[in-house]
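Report on the structure given below.
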Amino acid sequence: MNDDEKWMREALREARQCLRNTEAPYSPLTPPPLDSPHSDIRQASSVNRQSNNPQSAIRNPQSDVPVGAVCVWQGEIIGRGHNRREVERDPTAHAEVLALQAAATHLGDWHLTGVMLYVTLEPCVMCAGAIWLARVEQVVFGAWDERAGACGSVFDIVRDPRLNHRPQLRGGVLADECAALLKEFFATQRKPPTTT
Ligand SMILES: [Zn+2]
């Protein structure tokens with residue numbers, strides 16, 4: 001397993017946190033448990049209280065889309081994040097933004113020079129902008145987002161020659177695993193479309 005796959009697996013671990021139907025305290029530097037029993041996880045909050053069955057957490061309509069990210073600097077993870085839009089009720093709480101914030105806090109600097117960002121899904125416009133602004137060294141993503149991706153699919157923000165900083169970019173690392181997690185999520189979340 002090369003380093004890109006190694007770190008992408010960490011991002012996948014982070015993404016799976018979205019399916020745990022929990023509002024456990026956010027810990028940007030602590031790895032999520034691999035197989036912690038649900039009893040170790042806080043009770044669902046009022047946001048997610050409609051399901052008391054741990055097995056049905058993935059079907060909870062309030063669950064966040066499972067996207068995870070880690071920031072790596074000098075061979076260690078200095079920031080983690082997973083999508084928390086629903087939990088935080090915050091449209092900007094994407095995995096990448098949270099991981100970048102944690103990395104900046106760790107380094108004490110918003111310039112994330114030398115930092116590599118690994119994320120399970122191609123970054124959106126907002127996150128691509130944040131990646132550029134943070135001067136991230138390299139972006140590695142898993143699944144392509146052909147509907148909203150901003151790293152080559154729909155937009156190509158991070159490689160726009162008009163920008164004063166362009167991170168290195170690699171897409172498709174563990175793409176099948178990253179995409180499978182999303183497919184499973186949407187298969188259990190989406191209701192049939194209504195016609196009324
Ligand atoms: Zn985003």
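Identifiers for the structure tokens are assigned positionally: chains receive A, B, ... in sequence, residues are indexed from 1 per chain, and ligands are indexed from 1 in the order shown.
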
Could the residues that lie within 7 Å of ligand 1, counting only C-alpha atoms and all ligand atoms, be listed as a PyMOL selection string? chain A and resi 94+96+123-127

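Those residues in range 98-143 of chain A carrying a DSSP assignment of strand (DSSP E or B), computed from the backbone, are A:Met116, A:Leu117, A:Tyr118, A:Val119, A:Thr120, A:Leu121, A:Gln138, A:Val139, A:Val140, A:Phe141, A:Gly142, A:Ala143.
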
Near range 67-78 of chain A, 10 Å: range 129-182 of chain A residue rows, closest pairs, only C-alpha atoms, as a Markdown table:
| residue | atom | partner | partner_atom | distance |
| --- | --- | --- | --- | --- |
| A:Val136 | CA | A:Cys71 | CA | 9.3 |
| A:Glu137 | CA | A:Trp73 | CA | 9.7 |
| A:Gln138 | CA | A:Val72 | CA | 9.7 |
| A:Val139 | CA | A:Cys71 | CA | 9.4 |
| A:Val140 | CA | A:Ala69 | CA | 9.8 |
| A:Phe141 | CA | A:Ala69 | CA | 8.9 |
| A:Gly142 | CA | A:Val67 | CA | 10.0 |
| A:Cys178 | CA | A:Val67 | CA | 8.4 |
| A:Ala179 | CA | A:Val67 | CA | 9.9 |
| A:Leu181 | CA | A:Val67 | CA | 8.8 |
| A:Leu182 | CA | A:Val67 | CA | 8.0 |

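Considering the residues A:Gly108, A:Gly129, A:Pro91, A:Gly79 and counting only C-alpha atoms, Phe155 in chain A has its shortest atom-to-atom contact with A:Gly129.
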